Amino acid sequence: MKETTFILNGEEITIEYEEGMSLLDVLREKCDITSCKDGCSGQGYCGACTVLIDGKAMTSCNRDPSSVEGKNIITIEGLEKEEKLLLANALVKEGGIQCGFCTPGIMLRIKSFLDTHPKSTREEKARALSPNLCRCTGYQRIIDAIETAEEHWKTKTPVNVDDPPRRADFFGEKYGLKREYEPKKDGVGYSTKRYRGLDMALGQKPYIADMKVEGMLHGAFLLSEHPRAVIKKIDLTEAEKACGVVKILTAKDVPGKRFIGHIIPDWPIFVDEGETTRYVGDVIAMVVADSMFHARAAVEKIKVEYEVLEPLDDPIKAMDTTAEKIHESGNILSRTVFSRGDVEEAFRNSKYFVKQEFRTQRIEHAFLEVEASLALPTDKGVHVYSQGQGVHEDQRQIAEVLGLEKENVIVELVTNGGAFGGKEDLSVQAQTALAAYLLKKPVKTVLTREQSLRMHPKRHPMIMRYEVGADENGKLTGARIRIIGDTGAYASVGGAVVERAAGHSCGPYYLPAIDVDATAVYTNNPPCGAMRGFGVNQTSFAIETCLNMIAAMMRDDGKEIDDFDIRERNILREGKRFATGQIMTKTVVGLQKCLDAVKEQYKNYKGPKGIACGIKNTGIGNALEDTGRVLIRVLEDERLEILTGFTEMGQGLFTVLTQAVSELTNIHPSKMDVKSISYDKTKCGMTTASRATALDTMAAKYAAEKLAEDLKNHSPKELVGKEYHGEYVTNITVKPGTPVDNPITHLAFSYAVQVAFLDENGKLKKILAAHDVGRAVNPLAVAGQIEGGIHMGLGHTLSEDFPTTKSVPVSLKIRDLQILKAKDTPEIEVIIIEEPEEIGGFGAKGVGEIGLVPTAGAVTGAFYQYDGKWRTELPIARKKR
């Protein structure tokens with residue numbers, strides 16, 4: 001043991017710690033300071049662990065405890081009350097919080113900056129913020145919060161959290177646009193402040209890694225060293241003797257099903273001796289010990305004998321019938337094929353023709369909270385705390401692994417620190433539940449950042465071959481599209497992603513003839529599954545570039561047409577067919593309204609500029625059921641509890657549910673608690689496909705209407721103990737290629753138009769984004785979602801990548817993901833268009849994913865205008881490592 005003495009939040013303390021522990025470990029494990037978050041496991045890059053050391057903001061995860069001997073350390077808990085509330089209120093007021101995981105570290109960064117820079121420019125604020133990553137917000141509204149805090153910092157006057165945000169023109173009023181109605185305060189359409197936003201800012205909202213229960217043990221995983229190797233022997237001898245070890249679990253300890261999966265159960269929770277690994281994230285063993293530190297140390301002592309095999313890392317080679325099989329079923333996970341009209345005839349009659357291959361990269365979600373789970377044994381099973389994107393799906397799979405009836409497994413959501421699709425699949429929940437069930441003790445498992453990068457599914461790399469024709473006026477005539485998606489080692493939802501990419505492959509444009517064939521292929525690369533955009537942003541990049549190429553050909557022929565004009569000529573309109581054949585309804589006019597909203601700015605800008613349109617489904621569709629369920633309970637003290645099965649992961653679902661209930665009952669959102677738990681009455685399915693707000697606000701509306709009716713004749717006190725259930729089930733869709741006149745593949749669509757502006761030196765200076773969201777239940781949250789989506793789309797376009805060599809990640813450093821920092825992010829301006837959609841509660845439809853769908857097309861189009869070079873591969877500014 002070692003020892004260090006320092007001043008923590010005004011009190012001198014002496015701490016004993018083990019060799020290898022960081023300052024962050026000491027603060028969290030020895031001092032119970034959990035406001036400091038571990039986002040990068042000692043890499044010192046994400047900033048979530050920021051503390052003040054002698055007044056300077058510094059990371060703590062990469063700092064030896066001995067280095068702070070005699071120094072003064074301040075965490076959120078040690079700030080003066082007036083400063084703490086000032087900063088927290090500024091962030092909440094401006095919408096600078098989404099998942100909240102990064103926020104305490106950012107607050108301390110802001111405090112340090114304002115102490116030394118009482119007045120600064122917006123650019124200087126962005127540079128100061130850049131040591132801290134935020135994956136949710138796109139930084140714009142955090143910088144707004146710094147501006148607000150700056151105005152109050154010298155005098156320390158309070159910030160009124162209920163004041164409007166600095167940038168409150170959500171609906172384009174400065175461009176002559178206007179919202180058609182005035183919402184009531186804290187009801188639907190009002191920018192109600194984020195549910196538990198202050199708690200997040202102050203570090204008082206626990207995430208799973210922060211939770212502790214008496215007698216809790218800790219789990220740690222051993223992952224495969226090789227993407228493809230036969231496990232000859234697992235030797236646990238030395239590890240079992242290690243300090244604090246209670247039990248080591250392997251495949252032989254699983255009492256139920258060992259293979260899991262949403263759609264295809266092909267993913268083992270442990271790979272057994274004699275079996276072949278499929279990627280470097282396969283779990284071989286789990287150590288359970290008395291501390292996380294001891295569990296991780298013991299993992300290093302497990303010895304595995306491998307017979308190393310050559311990995312299959314090329315999806316094109318994997319499609320060959322002579323290739324080694326990743327799974328017994330073969331290397332083709334899925335194939336989506338549909339067509340309409342005569343494509344060859346369309347091409348023969350086309351004046352203009354484009355034939356081009358496009359390639360996009362694998363991308364890591366980089367949510368700042370790594371995967372974690374806490375499981376507690378119960379009389380008949382387990383109670384699991386999960387950060388996953390579907391408590392009921394987690395419940396089903398965990399019950400199968402344990403060999404238990406579903407009702408003996410309760411899964412409760414602990415609102416997570418970001419997900420973006422990457423927490424749909426089970427990661428650590430099943431193994432942690434198994435350990436708790438077998439040992440009859442609470443067990444918590446938290447991955448390291450390196451393990452997180454190895455384990456969970458990524459965004460699909462895609463190869464897309466497009467042939468597109470147009471007539472002499474630029475009207476599209478037909479398209480032949482071939483897509484190959486590298487889905488990696490396991491199914492996850494890869495088949496659905498590639499199916500969605502195919503269905504959206506023509507973008508928001510009408511083509512009378514199409515021929516689409518898309519294949520998801522297994523390899524030994526990291527699995528690929530759900531990630532914000534779900535395959536649509538890849539194909540959007542391709543079709544948008546094809547439109548630009550056709551417009552350029554027409555200009556070469558002397559025709560007056562720009563990239564705006566060709567889009568306006570081809571967008572979907574009422575009665576026209578989407579790529580899958582679905583006939584568009586009257587709400588498709590939202591797309592034209594988005595174009596109209598940006599037209600003047602686009603046409604009047606004389607520098608390099610690019611424009612792209614986007615379309616994204618609301619609801620899973622494709623023949624699957626979409627359901628929202630809400631249960632309202634009346635509690636003591638005139639409080640309500642709202643229960644659902646969808647996940648809050650920063651998108652603001654819990655906030656909008658309180659608004660929906662408040663709209664109908666006039667009960668203030670501050671009187672409501674919201675929770676996601678795996679009860680039958682709250683079964684909703686996965687939180688995916690931009691559907692949670694649309695479906696759950698409808699379910700909440702149904703439940704709240706019943707409560708409102710009772711409140712006409714009863715006081716809340718008289719209704720204590722009563723429950724009000726709301727259920728909204730839709731099952732009207734079919735799969736692409738279904739031979740019916742109107743193949744409705746999706747419940748509804750959101751639309752967007754984005755414009756990228758470059759300066760005279762070719763630097764990206766601004767993104768203007770007009771988005772039809774149906775009804776903006778919370779405009780501040782909607783704008784924040786769009787800005788965050790655009791930031792992720794910019795990373796997808798410009799820099800982000802997760803490359804592998806022979807199926808092994810080139811780097812497990814979060815800095816090498818090339819995520820854009822605050823100083824690298826251009827100005828983003830959002831215009832919200834509201835064309836209400838009847839399938840969603842109060843007219844709402846999806847907004848979470850479409851923010852990044854058109855971004856690549858707009859940005860690459862602008863760069864073509866600047867230098868005349870077509871970009872057909874992403875990212876366009878890949879850096880050498």
# chains A, B, ... in the order shown; residues from 1 in each chain; ligands from 1
$ residues_around --residues "Val589 (chain A)" --least-positions-apart "4" --cutoff "8 Å" --atoms "only C-alpha atoms" --output "ChimeraX atom specification"
/A:573-574,593,835
$ residues_around --residues "Pro743 (chain A)" --least-positions-apart "6" --cutoff "10 Å" --atoms "only C-alpha atoms" --output "JSON list (two decimals) with C-alpha atoms, in the first residue's frame"
[["chain", "number", "residue", "atom", "x", "y", "z"],
["A", 577, "ARG", "CA", -43.51, 6.50, -54.16],
["A", 578, "PHE", "CA", -40.60, 6.17, -51.74],
["A", 580, "THR", "CA", -39.62, 0.80, -51.28],
["A", 581, "GLY", "CA", -42.82, 1.70, -53.12],
["A", 582, "GLN", "CA", -44.60, 3.27, -50.16],
["A", 583, "ILE", "CA", -46.93, 6.05, -51.31],
["A", 622, "ASN", "CA", -40.47, -3.25, -42.11],
["A", 623, "ALA", "CA", -43.21, -5.64, -40.84],
["A", 732, "ILE", "CA", -49.29, -1.76, -40.29],
["A", 733, "THR", "CA", -45.95, -2.12, -42.06],
["A", 734, "VAL", "CA", -44.49, -4.68, -44.46],
["A", 735, "LYS", "CA", -40.98, -5.65, -45.50],
["A", 736, "PRO", "CA", -39.37, -4.06, -48.58],
["A", 737, "GLY", "CA", -40.25, -6.09, -51.65]]
$ residues_around --residues "region 423-433 of chain A" --least-positions-apart "6" --cutoff "6 Å" --atoms "only C-alpha atoms" --output "list in words"
Ser373, Ala375, Gly388, Gln389 and Ile398 of chain A
$ select_by_dssp --residues "region 379-579 of chain A" --states "strand (DSSP E)" --output "VMD selection string"
chain A and resid 382 to 386 409 to 413 443 to 446 462 to 470 476 to 488 513 to 522
$ residues_around --residues "Glu568 (chain A)" --least-positions-apart "4" --cutoff "10 Å" --atoms "only C-alpha atoms" --output "number ranges by chain"
A: 475, 509, 563-564, 572, 591-592, 595-596, 613
$ closest_residue --among "A:Pro526, A:Ile667, A:Val308, A:Phe171" --to "Asp772 (chain A)" --atoms "only C-alpha atoms"
A:Phe171
$ closest_residue --among "A:Lys380, A:Arg691, A:His796, A:Arg28" --to "Gly621 (chain A)" --atoms "only C-alpha atoms"
A:Arg691
$ atom_distance --atom1 "CA of Val409 (chain A)" --atom2 "CA of Val382 (chain A)"
5.2 Å
